[in-house]
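K.L.:
Below are the structure tokens for one structure; questions will follow.
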Amino acid sequence: MKIILFVLLLTSIVFPKTYEFTETRYSNALDKERKLYGVIYFLDKGVRIKYNDTDIELLYKDGDFEYLKGGEKLTLQEGQKSYLTNFFKTIYLIHKNNFQKLSNNFSVVRKEHMIILYPTDVSKDYVEKLKIAQTNKQVDKITLYLMNGDYIDIGIGNEIY
Amino acid sequence: MKYINFGVFALLIFVAFILKDSITISTNLLSLFAPKESVNTLYIANQLGYSKELFIAIKGFDSNAKKKLENIVKELNTVKEVKNITYTSLPSQSIREYYKKYYPLLATFDDRNISQSILHKKLEKIYSQQSYSFFYQPVNTNDPLGLFHMQQQLNIAHKGKYLVINNYGYLIKATTTVSPSQVKKAEKLYEKIQNIIKKYPQSIAFSGFFYTVENSAKIKTDVKYIATLSIIVLLLIYLLMLKDKKLLVNTILAQVSSMLFATLICTTTIENFGALSLAFGVSLSAVSIDYLFHYYFHNFYHQKKFFDKNVFFGFVTTMSAFFIFSFIPIPLIAQISIFAVYSLSFAYIMFTFAFKFIGIKQFKHVQIKYQDYPKVPAIVITVVSIMLLIYASMHMKYNENIKTLDYQNIKLQKIQHLFESVNTTKLSPVIVEASSKDELLADLHKIKNATKKSFSLANFVLDQQSCQQKKQHLKAYDFKRLNEAVNKEADRIGFRDAYFKNSYKFAQKLPSCGDVNLNIFQKYNLPIYKEKSKYYTIALVDDVNKVQAYAFVRILSVKTMFAKVADAMLHDIIKYSSLVLFVIFLFLLISVQRKILYALNYILFPVALSFYVITLLYEVNIMHLFSFVILIAIGIDYGIYMSNTKKLANTMLAIKYSLLSTFAAFGVLIFSDISALYSIGIVISIGVGAIYLLTKVMR
């Protein structure tokens, strides 16, 4: 029994919080939705996303963003990298419930089971708002609405570990 | 008449009290060396905020470093002297609006004809990306074919949105309201910044005014130490030699009066009379003691004659030398020379005429035993001096960098070097001047075209001509037809209806040229300053030589500025020294006649020997050159005294103590840590030694 408890304790320390997720992307250009599935790892100081059936991983850690294909780091365009860094940082801060830090770049509006973030920095040129659905401080869904009519909806599913 | 010295001193104090409001002393060190043009350039640079920048670096790129960065920024925001705090490369709201408005004119435009197949390929690619890419990529509905392209204009290293110093850590840039010349304000702000920095380990700060604060504290301590040492040595000499209390008090009074007299005249009549000139002038006044020593040891005050030919010739020759040097176009030397003319003349009059009446006791002749040294003929000394001069002239290395004369603050220099590496492309600043904003932009574009790499307002704003050309170019392109073609093909591929209805409309509504608010680029340290209907800005260029021929460009490198000045100084000093030597030669012909070589050696040998030693040990700088001028002025008196003396032992005694007082006034500078003062000290010390040697060995 002690051994089992020890192993459980160890896994909770060593392994990051890991969830399944479903990403729904709406493209206004095509007027179509597209669904993607994968696993999201909430690390101590970052977020890692792995899409199912691909070798593509997106890693945000210590304020830096990496795009990995087959474990190899690929270079991204400066604008694209900056956009993804901001998006992943926001997801990470939402997960950490660090609304104090989020308020540096967003105005935060709280509603019942729902938090809405309106950008106040440069990103307001292309981001309309972020909606976060929560149950008991646990994030269920993050929806990013863009100024061009697109949206990205990330539904956090079951915890794997 | 007994108290004539006291009366004169009291009168001078009274005059000083009356004139106190008219006395002006300039603390602008630069104006003592640099020509007016350079001083004005640095003034403009100051107005543009150059050298008012503040840099703070935080080591590392981890979250801890980022936290420190954010906290330091918060604290800096509470310091009223700190403005424009920047730590990200993100453009400001006004710059973003500017880009939005001027985008079609600023971006490069690919004007080739778009065939149907290219149009199809490009839209198909967007469709495919939207359908299959793992990355979300927003569609550019304004320019779906990517015909417009904007290049990165920034000259700043950054990691993500944060400014960085490559491989070191995060960077904060700000401007302050304090320039390096504002000592008191600088000290206050320095303390505030250091109080913030010390709370965050592994963070460092730098600004130009840090040198003002750290160096002036060091210089003050050094000067205090030197001044105390000088006063102690002088008093010791006077006490030892002038055992007569009355003589001692009167001598000190006469010297102080002569300094006060010269100070009053110079500070009320000469524009921008410098504090440094005053300090050296006061030291130089101590040289007048040789008149007193000569008179005292020869018991002149107890003789019936009212005039001593040797002292008079010495005085007139020295005066002539300083008079000629007062015309040299180097303000420091000219001002000191004028000061010396007044103070030495005053001292001469006091020692010669007033001291007759104060009742000084007779100097008791003591048997002075001198060791008999083998004597060297004057011609040999002359030949050796000339050889030394030739050798030194051929082997000397001239150090034009005036900065090396300052106190060498190695620690701060290292920090400055680290922050200079921010400018990864090693660009140097120049000031650009024009009569209008349009002309300024046109000039900046000329610089941009003349250099491989540059950073200025030209990177962000077009000049009138290019703007009009670009407008013509865009107007000639049929964007309306392109819009129709894009929408038609997009429909065919399967995009939402009229999704691209606004495509290329931005290129049809063009803003007018010439009404850009240039002040918004202050964030990138590209300020505009207007004075007397002239506009000024700063441009950074990779090669200053390629732009310095333009009449509208002023080089801002203090090093280059002073290199030019230092070179001119060398030539001026050689020119004026030659003239002085010629005049001295004429005076010596009259005063010492056949012993001219013997007397001339008292100038030649000390200058030659010190020049030779300096060349062997150091690079020659302008302070060394300045000290040669002092050596010429003081050496000549001794030449005349020694040539015409009838009582050698008494003359040698007078010279010995005069040399000691010269050493006390100037030689003690050898103990200074500040290169400028040490340079004077070493030359004068060698020179004083050489003169003493001559009194012993030359015949």
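Simple scheme: letters A, B, ... for chains in structure tokens order, numbers from 1 for residues in each chain, numbers from 1 for ligands in the order shown.
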When the cut-off is 6 Å and we count only C-alpha atoms, which residues of chain A are near chain B, given as a PyMOL selection string?

P.N.:
chain A and resi 29-31+62

K.L.:
Report as a ChimeraX atom specification all protein, DNA and RNA residues lying within 12 Å of segment 79-84 of chain A, evaluated on only C-alpha atoms, omitting residues in the same chain fewer than 5 positions from it.

P.N.:
/A:47,49,58-60,63-67,74,89-91,122-127 /B:89-90,135-138,150,152,158-162

K.L.:
Extract, using only C-alpha atoms, all DNA, RNA and protein residues at most 12 Å from Asp542 of chain B, discarding same-chain residues fewer than 2 positions from it, and format them as a PyMOL selection string.

P.N.:
chain B and resi 155+423-430+447-456+539-540+544-547

K.L.:
Restrict the selected residues to C-alpha atoms and save them as a PDB file, in the first residue's frame.

P.N.:
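Dumped everything to selection.pdb:
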```pdb
ATOM      1  CA  ASN B 155      17.949  48.219 -35.240  1.00  0.00           C
ATOM      2  CA  ASN B 423      23.953  48.185 -31.302  1.00  0.00           C
ATOM      3  CA  THR B 424      24.862  44.925 -33.018  1.00  0.00           C
ATOM      4  CA  THR B 425      25.602  46.530 -36.371  1.00  0.00           C
ATOM      5  CA  LYS B 426      28.091  48.985 -34.817  1.00  0.00           C
ATOM      6  CA  LEU B 427      26.509  52.155 -36.108  1.00  0.00           C
ATOM      7  CA  SER B 428      27.911  55.593 -35.268  1.00  0.00           C
ATOM      8  CA  PRO B 429      25.767  58.669 -34.678  1.00  0.00           C
ATOM      9  CA  VAL B 430      25.841  61.841 -36.768  1.00  0.00           C
ATOM     10  CA  ILE B 447      22.599  59.207 -46.111  1.00  0.00           C
ATOM     11  CA  LYS B 448      20.568  55.996 -46.326  1.00  0.00           C
ATOM     12  CA  ASN B 449      21.544  55.582 -49.985  1.00  0.00           C
ATOM     13  CA  ALA B 450      25.204  56.428 -49.357  1.00  0.00           C
ATOM     14  CA  THR B 451      25.710  53.830 -46.622  1.00  0.00           C
ATOM     15  CA  LYS B 452      25.245  50.096 -46.473  1.00  0.00           C
ATOM     16  CA  LYS B 453      23.544  50.213 -43.116  1.00  0.00           C
ATOM     17  CA  SER B 454      21.918  53.150 -41.436  1.00  0.00           C
ATOM     18  CA  PHE B 455      19.140  53.855 -38.976  1.00  0.00           C
ATOM     19  CA  SER B 456      17.268  57.119 -39.053  1.00  0.00           C
ATOM     20  CA  ALA B 539      21.166  59.309 -37.881  1.00  0.00           C
ATOM     21  CA  LEU B 540      23.172  56.166 -37.165  1.00  0.00           C
ATOM     22  CA  VAL B 544      31.008  57.915 -40.983  1.00  0.00           C
ATOM     23  CA  ASN B 545      33.574  58.544 -43.748  1.00  0.00           C
ATOM     24  CA  LYS B 546      30.920  57.977 -46.407  1.00  0.00           C
ATOM     25  CA  VAL B 547      28.711  60.795 -45.132  1.00  0.00           C
TER      26      VAL B 547
END
```

K.L.:
Any idea what's packed within 12 Å of Lys198 of chain B, counting only C-alpha atoms, ignoring anything in its chain fewer than 4 positions away? Could you give it as a ChimeraX atom specification?

P.N.:
/B:56,58,68,72,191-194,202-205

K.L.:
Write out as a ChimeraX atom specification all residues of chain A that backbone DSSP assigns to strand (DSSP E or B).

P.N.:
/A:17-27,32-43,46-51,56-61,64-69,72-74,106-111,114-119,127-135,138-146,151-159

K.L.:
Mind dumping the selected residues with C-alpha atoms as a PDB file, in the first residue's frame?

P.N.:
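What ended up in part_22.pdb:
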```
ATOM      1  CA  LYS A  17      -1.260  17.811 -15.625  1.00  0.00           C
ATOM      2  CA  THR A  18      -2.338  16.311 -18.914  1.00  0.00           C
ATOM      3  CA  TYR A  19      -5.717  16.573 -20.614  1.00  0.00           C
ATOM      4  CA  GLU A  20      -7.338  15.536 -23.846  1.00  0.00           C
ATOM      5  CA  PHE A  21      -8.632  18.425 -25.852  1.00  0.00           C
ATOM      6  CA  THR A  22     -10.814  19.126 -28.836  1.00  0.00           C
ATOM      7  CA  GLU A  23     -10.033  22.172 -30.925  1.00  0.00           C
ATOM      8  CA  THR A  24     -12.775  23.587 -33.108  1.00  0.00           C
ATOM      9  CA  ARG A  25     -11.570  26.122 -35.635  1.00  0.00           C
ATOM     10  CA  TYR A  26     -14.022  28.227 -37.493  1.00  0.00           C
ATOM     11  CA  SER A  27     -12.736  29.786 -40.676  1.00  0.00           C
ATOM     12  CA  LYS A  32     -16.488  26.043 -42.200  1.00  0.00           C
ATOM     13  CA  GLU A  33     -15.589  24.440 -38.908  1.00  0.00           C
ATOM     14  CA  ARG A  34     -12.696  22.053 -38.533  1.00  0.00           C
ATOM     15  CA  LYS A  35     -12.027  19.776 -35.581  1.00  0.00           C
ATOM     16  CA  LEU A  36      -8.619  18.786 -34.285  1.00  0.00           C
ATOM     17  CA  TYR A  37      -7.866  16.456 -31.371  1.00  0.00           C
ATOM     18  CA  GLY A  38      -4.856  16.156 -29.163  1.00  0.00           C
ATOM     19  CA  VAL A  39      -3.323  16.232 -25.740  1.00  0.00           C
ATOM     20  CA  ILE A  40      -2.448  19.335 -23.738  1.00  0.00           C
ATOM     21  CA  TYR A  41       0.228  19.206 -21.041  1.00  0.00           C
ATOM     22  CA  PHE A  42       0.263  21.953 -18.437  1.00  0.00           C
ATOM     23  CA  LEU A  43       3.901  22.141 -17.401  1.00  0.00           C
ATOM     24  CA  GLY A  46       4.582  26.336 -19.765  1.00  0.00           C
ATOM     25  CA  VAL A  47       2.194  24.464 -22.010  1.00  0.00           C
ATOM     26  CA  ARG A  48       2.776  21.663 -24.527  1.00  0.00           C
ATOM     27  CA  ILE A  49       0.296  20.610 -27.188  1.00  0.00           C
ATOM     28  CA  LYS A  50       0.456  17.455 -29.274  1.00  0.00           C
ATOM     29  CA  TYR A  51      -2.070  16.826 -32.026  1.00  0.00           C
ATOM     30  CA  ILE A  56       3.742  17.976 -34.509  1.00  0.00           C
ATOM     31  CA  GLU A  57       4.189  19.480 -31.064  1.00  0.00           C
ATOM     32  CA  LEU A  58       3.855  23.061 -29.934  1.00  0.00           C
ATOM     33  CA  LEU A  59       5.776  24.000 -26.814  1.00  0.00           C
ATOM     34  CA  TYR A  60       5.614  27.179 -24.777  1.00  0.00           C
ATOM     35  CA  LYS A  61       8.123  27.324 -21.920  1.00  0.00           C
ATOM     36  CA  ASP A  64       9.602  31.134 -25.413  1.00  0.00           C
ATOM     37  CA  PHE A  65       7.724  29.233 -28.114  1.00  0.00           C
ATOM     38  CA  GLU A  66       8.929  26.233 -30.118  1.00  0.00           C
ATOM     39  CA  TYR A  67       7.423  24.392 -33.036  1.00  0.00           C
ATOM     40  CA  LEU A  68       8.606  20.770 -33.091  1.00  0.00           C
ATOM     41  CA  LYS A  69       8.169  18.311 -35.918  1.00  0.00           C
ATOM     42  CA  GLU A  72      13.096  18.676 -34.287  1.00  0.00           C
ATOM     43  CA  LYS A  73      12.794  22.404 -33.777  1.00  0.00           C
ATOM     44  CA  LEU A  74      11.556  24.289 -36.816  1.00  0.00           C
ATOM     45  CA  PHE A 106      -6.606  42.268 -21.009  1.00  0.00           C
ATOM     46  CA  SER A 107      -9.542  43.827 -19.292  1.00  0.00           C
ATOM     47  CA  VAL A 108     -11.200  41.027 -17.358  1.00  0.00           C
ATOM     48  CA  VAL A 109     -14.976  40.730 -17.145  1.00  0.00           C
ATOM     49  CA  ARG A 110     -16.359  37.996 -14.853  1.00  0.00           C
ATOM     50  CA  LYS A 111     -19.770  36.469 -15.407  1.00  0.00           C
ATOM     51  CA  MET A 114     -17.587  32.598 -17.514  1.00  0.00           C
ATOM     52  CA  ILE A 115     -14.663  34.996 -17.741  1.00  0.00           C
ATOM     53  CA  ILE A 116     -14.262  37.267 -20.756  1.00  0.00           C
ATOM     54  CA  LEU A 117     -10.931  38.871 -21.601  1.00  0.00           C
ATOM     55  CA  TYR A 118     -10.831  41.909 -23.891  1.00  0.00           C
ATOM     56  CA  PRO A 119      -7.343  42.739 -25.187  1.00  0.00           C
ATOM     57  CA  VAL A 127      -8.212  39.633 -31.274  1.00  0.00           C
ATOM     58  CA  GLU A 128     -11.781  40.539 -30.341  1.00  0.00           C
ATOM     59  CA  LYS A 129     -12.056  38.638 -27.053  1.00  0.00           C
ATOM     60  CA  LEU A 130     -11.353  35.417 -25.179  1.00  0.00           C
ATOM     61  CA  LYS A 131     -14.120  33.531 -23.423  1.00  0.00           C
ATOM     62  CA  ILE A 132     -13.240  31.099 -20.650  1.00  0.00           C
ATOM     63  CA  ALA A 133     -15.773  28.672 -19.306  1.00  0.00           C
ATOM     64  CA  GLN A 134     -14.921  27.356 -15.836  1.00  0.00           C
ATOM     65  CA  THR A 135     -16.281  24.900 -13.302  1.00  0.00           C
ATOM     66  CA  GLN A 138     -11.186  24.315 -13.587  1.00  0.00           C
ATOM     67  CA  VAL A 139     -11.084  25.515 -17.180  1.00  0.00           C
ATOM     68  CA  ASP A 140     -13.563  23.688 -19.395  1.00  0.00           C
ATOM     69  CA  LYS A 141     -13.343  25.677 -22.546  1.00  0.00           C
ATOM     70  CA  ILE A 142     -11.362  28.567 -24.017  1.00  0.00           C
ATOM     71  CA  THR A 143     -12.728  30.354 -27.069  1.00  0.00           C
ATOM     72  CA  LEU A 144     -10.683  32.902 -28.958  1.00  0.00           C
ATOM     73  CA  TYR A 145     -12.658  35.289 -31.167  1.00  0.00           C
ATOM     74  CA  LEU A 146     -10.712  37.068 -33.841  1.00  0.00           C
ATOM     75  CA  TYR A 151     -12.759  31.678 -33.786  1.00  0.00           C
ATOM     76  CA  ILE A 152     -10.807  28.880 -32.094  1.00  0.00           C
ATOM     77  CA  ASP A 153     -12.525  26.871 -29.426  1.00  0.00           C
ATOM     78  CA  ILE A 154     -10.468  24.587 -27.176  1.00  0.00           C
ATOM     79  CA  GLY A 155     -12.499  22.238 -25.078  1.00  0.00           C
ATOM     80  CA  ILE A 156     -10.506  20.640 -22.262  1.00  0.00           C
ATOM     81  CA  GLY A 157     -11.570  17.057 -21.779  1.00  0.00           C
ATOM     82  CA  ASN A 158     -10.611  14.287 -19.388  1.00  0.00           C
ATOM     83  CA  GLU A 159      -7.467  14.411 -17.329  1.00  0.00           C
TER      84      GLU A 159
END
```

K.L.:
Which one is closest to Asp55 of chain A: A:Thr120, A:Gly70, A:Asn104, A:Glu112? Count only C-alpha atoms.

P.N.:
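The answer is A:Gly70, which sits nearest to Asp55 of chain A.
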
K.L.:
Can you pull out the residues contacting Leu147 of chain B? Cut-off 7 Å, using only C-alpha atoms, and skip same-chain residues under 3 positions away; I want them as a PyMOL selection string.

P.N.:
chain B and resi 109-110+143

K.L.:
Between atom CA of Lys470 of chain B and atom CA of Ile520 of chain B, what is the distance, to one decimal in Å?

P.N.:
22.6 Å

K.L.:
Residues at most 9 Å from segment 103-107 of chain B, counting only C-alpha atoms, excluding those fewer than 4 positions away in the same chain, as a PyMOL selection string?

P.N.:
chain B and resi 98-99+148-151+460-462+467+470-471+474+506-508+510-511

K.L.:
With C-alpha atoms retained, export the selected residues as a compact mmCIF listing (two decimals), in the first residue's frame.

P.N.:
```
# COMPACT_ATOMS: atom_id res chain seq x y z
CA TYR B 98 1.06 55.72 -38.81
CA TYR B 99 1.92 52.33 -40.34
CA PHE B 148 2.97 44.33 -50.48
CA HIS B 149 5.86 43.56 -48.20
CA MET B 150 7.12 45.51 -45.24
CA GLN B 151 10.69 45.03 -44.08
CA PHE B 460 10.28 54.94 -41.47
CA VAL B 461 9.34 58.02 -43.47
CA LEU B 462 9.64 58.70 -47.18
CA CYS B 467 6.54 59.61 -51.73
CA LYS B 470 5.38 55.92 -55.06
CA LYS B 471 1.95 57.48 -55.28
CA LEU B 474 0.44 52.91 -57.24
CA PHE B 506 -6.15 50.32 -49.15
CA ALA B 507 -3.89 50.87 -52.18
CA GLN B 508 -6.46 53.05 -53.88
CA LEU B 510 -3.51 57.00 -50.58
CA PRO B 511 -2.56 59.43 -47.80
```

K.L.:
Can you list every residue in segment 29-151 of chain A that DSSP puts in alpha helix (DSSP H), as a list in words?

P.N.:
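Written out, the alpha helix (DSSP H) residues of segment 29-151 of chain A are Glu78, Gly79, Gln80, Lys81, Ser82, Tyr83, Leu84, Thr85, Asn86, Phe87, Phe88, Lys89, Thr90, Ile91, Tyr92, Leu93, Ile94, His95, Phe99, Gln100, Lys101 and Leu102 of chain A.
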
K.L.:
Which value, in Å to one decimal, gives the distance between atom CA of Ala442 of chain B and atom CA of Tyr43 of chain B?

P.N.:
23.7 Å

K.L.:
Atom CA of Arg554 of chain B and atom CA of Lys534 of chain B are how many Å apart?

P.N.:
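Distance reported for this atom pair: 13.7 Å.
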
K.L.:
Which of these residues is nearest to Met569 of chain B, using only C-alpha atoms: B:Leu631, B:Ile328, B:Leu677, B:Val688?

P.N.:
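That would be B:Ile328, the residue with the smallest distance to Met569 of chain B.
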
K.L.:
Can you tell me, as a list of chain:residue names, what residues are no more than 8 Å from Asn28 of chain A when counting only C-alpha atoms, ignoring any on the same chain fewer than 5 positions away?

P.N.:
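Selected residues are A:Asn148, A:Gly149, A:Asp150, B:Arg496.
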
K.L.:
From the list A:Asn136, A:Thr75, A:Thr54, A:Asn105, which residue is nearest Leu93 of chain A when using only C-alpha atoms?

P.N.:
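Ranking A:Asn136, A:Thr75, A:Thr54, A:Asn105 by distance to Leu93 of chain A, first place goes to A:Asn105.
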